[in-house]
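First comes the structure, then the notes that go with it.
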Amino acid sequence: MRSRSRDRQKIYFVTVAEKKVGIDTVQEYGKPIMKKMTVSSGTNMPGQVSAGLVVDYDREITSYDKSLRGVIREGDAVFVDVEPQLNEDGTLTMGEDGYTPVTSPDYRISAIFSTQKGDVDVYGIKKVGAVQ
């Protein structure tokens with residue numbers, strides 16, 4: 001059996017909301033949540049395709065932490081291969097415009113697979129800017 005604590009790395013989850021500023025729409029980033037989780041090198045696509053699932057993500061994050069249920073949603077930003085720059089209060093360091101993070105997130109949550117009574121949640125993540 002695979003160990004739950006093996007091959008874990010730091011992952012930062014950030015909620016993203018759109019906000020109107022004058023006539024422009026900008027993205028507003030929440031405070032990042034850091035967790036140590038297992039990230040796959042790719043998807044388990046053949047197994048999912050044979051089960052009838054349409055896969056629209058690049059990698060998977062496996063979580064055994066039930067406290068994240070309802071906190072993480074589809075569309076949230078994720079820092080996987082890059083570490084965000086944080087202020088002393090734990091918020092993202094923003095660029096000169098005040099709306100764009102200095103370090104951009106490299107993934108977005110595309111799908112969430114969980115059960116009510118199960119111990120494992122799987123988050124399908126898609127590379128930001130990836131060609132479809």
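We label chains A, B, ... in the order they appear in the structure tokens, count residues from 1 in each chain, and number ligands from 1 in the order shown.
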(message) DSSP on the backbone: which residues in chain A end up as strand (DSSP E)? Give the answer as a ChimeraX atom specification.
(response) /A:8-14,16-21,24-29,33-39,59-63,77-79,107-113,121-127
Go through segment 49-130 of chain A residue by residue and, counting only C-alpha atoms, keep those with an atom at most 7 Å from segment 29-37 of chain A; for each kept residue give the shortest atom pair and its distance in Å to one decimal, ordered by chain and increasing number, as a Markdown table.
```
| residue | atom | partner | partner_atom | distance |
| --- | --- | --- | --- | --- |
| A:Ile61 | CA | A:Met37 | CA | 6.7 |
| A:Thr62 | CA | A:Met37 | CA | 6.3 |
| A:Ser63 | CA | A:Met37 | CA | 6.0 |
| A:Gly90 | CA | A:Lys31 | CA | 6.6 |
| A:Thr91 | CA | A:Lys31 | CA | 4.9 |
| A:Leu92 | CA | A:Lys31 | CA | 6.7 |
```
Can you write out the residues you just picked, keeping N, CA and C atoms, as a PDB file, in the first residue's frame?
```
ATOM      1  N   ILE A  61      -4.103  16.126  -7.912  1.00  0.00           N
ATOM      2  CA  ILE A  61      -3.636  16.296  -6.536  1.00  0.00           C
ATOM      3  C   ILE A  61      -4.476  15.359  -5.677  1.00  0.00           C
ATOM      4  N   THR A  62      -3.823  14.542  -4.872  1.00  0.00           N
ATOM      5  CA  THR A  62      -4.524  13.613  -3.989  1.00  0.00           C
ATOM      6  C   THR A  62      -4.484  14.161  -2.573  1.00  0.00           C
ATOM      7  N   SER A  63      -5.658  14.248  -1.956  1.00  0.00           N
ATOM      8  CA  SER A  63      -5.758  14.814  -0.610  1.00  0.00           C
ATOM      9  C   SER A  63      -6.470  13.846   0.321  1.00  0.00           C
ATOM     10  N   GLY A  90       0.717  36.896   5.153  1.00  0.00           N
ATOM     11  CA  GLY A  90       0.335  35.667   4.478  1.00  0.00           C
ATOM     12  C   GLY A  90      -0.434  35.857   3.187  1.00  0.00           C
ATOM     13  N   THR A  91      -0.678  37.100   2.779  1.00  0.00           N
ATOM     14  CA  THR A  91      -1.359  37.357   1.517  1.00  0.00           C
ATOM     15  C   THR A  91      -0.349  37.363   0.369  1.00  0.00           C
ATOM     16  N   LEU A  92      -0.859  37.250  -0.854  1.00  0.00           N
ATOM     17  CA  LEU A  92       0.021  37.272  -2.025  1.00  0.00           C
ATOM     18  C   LEU A  92       0.626  38.653  -2.221  1.00  0.00           C
TER      19      LEU A  92
END
```
(request) Enter the distance from atom CA of Leu86 of chain A to atom CA of Arg108 of chain A, in Å, rounded to one decimal. (result)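 Interatomic distance here is 18.9 Å.
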(message) I need the residue nearest Ser41 of chain A from this list: A:Asp76, A:Asp81, A:Asp65, A:Asp56. Use only C-alpha atoms for the distance.
(response)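 Ranked by minimum distance to Ser41 of chain A, first place goes to A:Asp81.
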(request) May I have all residues of chain A that DSSP, computed from the backbone, assigns to alpha helix (DSSP H), given as a PyMOL selection string? (result) chain A and resi 45-50
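Distances to Ala77 of chain A were evaluated for A:Asp89, A:Asp58, A:Asp97, A:Glu28 using only C-alpha atoms, and the minimum falls at A:Glu28.
Among A:Ser67, A:Arg8, A:Met94, A:Pro105, the residue with the shortest atom-to-atom distance to Val82 of chain A, counting only C-alpha atoms, is A:Pro105.
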(message) With only C-alpha atoms as the counted atoms, please give the residues lying no more than 7 Å from Gln85 of chain A, apart from itself and same-chain residues fewer than 3 positions off, as a ChimeraX atom specification.
(response) /A:92-93,102-103
Store the residues picked out above in a file with all heavy atoms, as a CSV table (one decimal), in the first residue's frame.
```
chain,number,residue,atom,x,y,z
A,92,LEU,N,-0.9,37.2,-0.9
A,92,LEU,CA,0.0,37.3,-2.0
A,92,LEU,C,0.6,38.7,-2.2
A,92,LEU,O,-0.1,39.7,-2.0
A,92,LEU,CB,-0.8,36.9,-3.3
A,92,LEU,CG,-1.2,35.5,-3.4
A,92,LEU,CD1,-2.1,35.3,-4.7
A,92,LEU,CD2,0.0,34.5,-3.5
A,93,THR,N,1.9,38.7,-2.6
A,93,THR,CA,2.5,40.0,-3.0
A,93,THR,C,2.1,40.3,-4.4
A,93,THR,O,2.2,39.5,-5.3
A,93,THR,CB,4.1,39.8,-3.0
A,93,THR,OG1,4.5,39.4,-1.7
A,93,THR,CG2,4.7,41.1,-3.3
A,102,VAL,N,2.9,38.9,-8.1
A,102,VAL,CA,4.2,38.9,-8.6
A,102,VAL,C,4.6,37.5,-9.2
A,102,VAL,O,5.2,37.4,-10.2
A,102,VAL,CB,5.2,39.3,-7.4
A,102,VAL,CG1,6.6,39.2,-7.9
A,102,VAL,CG2,4.9,40.7,-7.0
A,103,THR,N,4.2,36.5,-8.5
A,103,THR,CA,4.4,35.1,-9.0
A,103,THR,C,3.0,34.6,-9.4
A,103,THR,O,2.1,34.4,-8.5
A,103,THR,CB,4.9,34.2,-7.9
A,103,THR,OG1,6.1,34.8,-7.4
A,103,THR,CG2,5.2,32.8,-8.4
```
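With atom CA of Phe79 of chain A on one side and atom CA of Lys10 of chain A on the other, the separation reads 8.6 Å.
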(request) Using atom CA of Tyr99 of chain A and atom CA of Val71 of chain A as the two end points, give the distance in Å to one decimal. (result) 22.2 Å
(message) Nearest residue to Asp119 of chain A out of A:Gly75, A:Pro84, A:Tyr107, A:Tyr64, using only C-alpha atoms?
(response)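 Once distances to Asp119 of chain A are computed over only C-alpha atoms, the minimum belongs to A:Tyr64.
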(message) Here is a test: counting only C-alpha atoms, which residue of A:Thr115, A:Val122, A:Glu83, A:Pro101 is nearest to Val26 of chain A?
(response)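 So, comparing all the options, the nearest one is A:Pro101.
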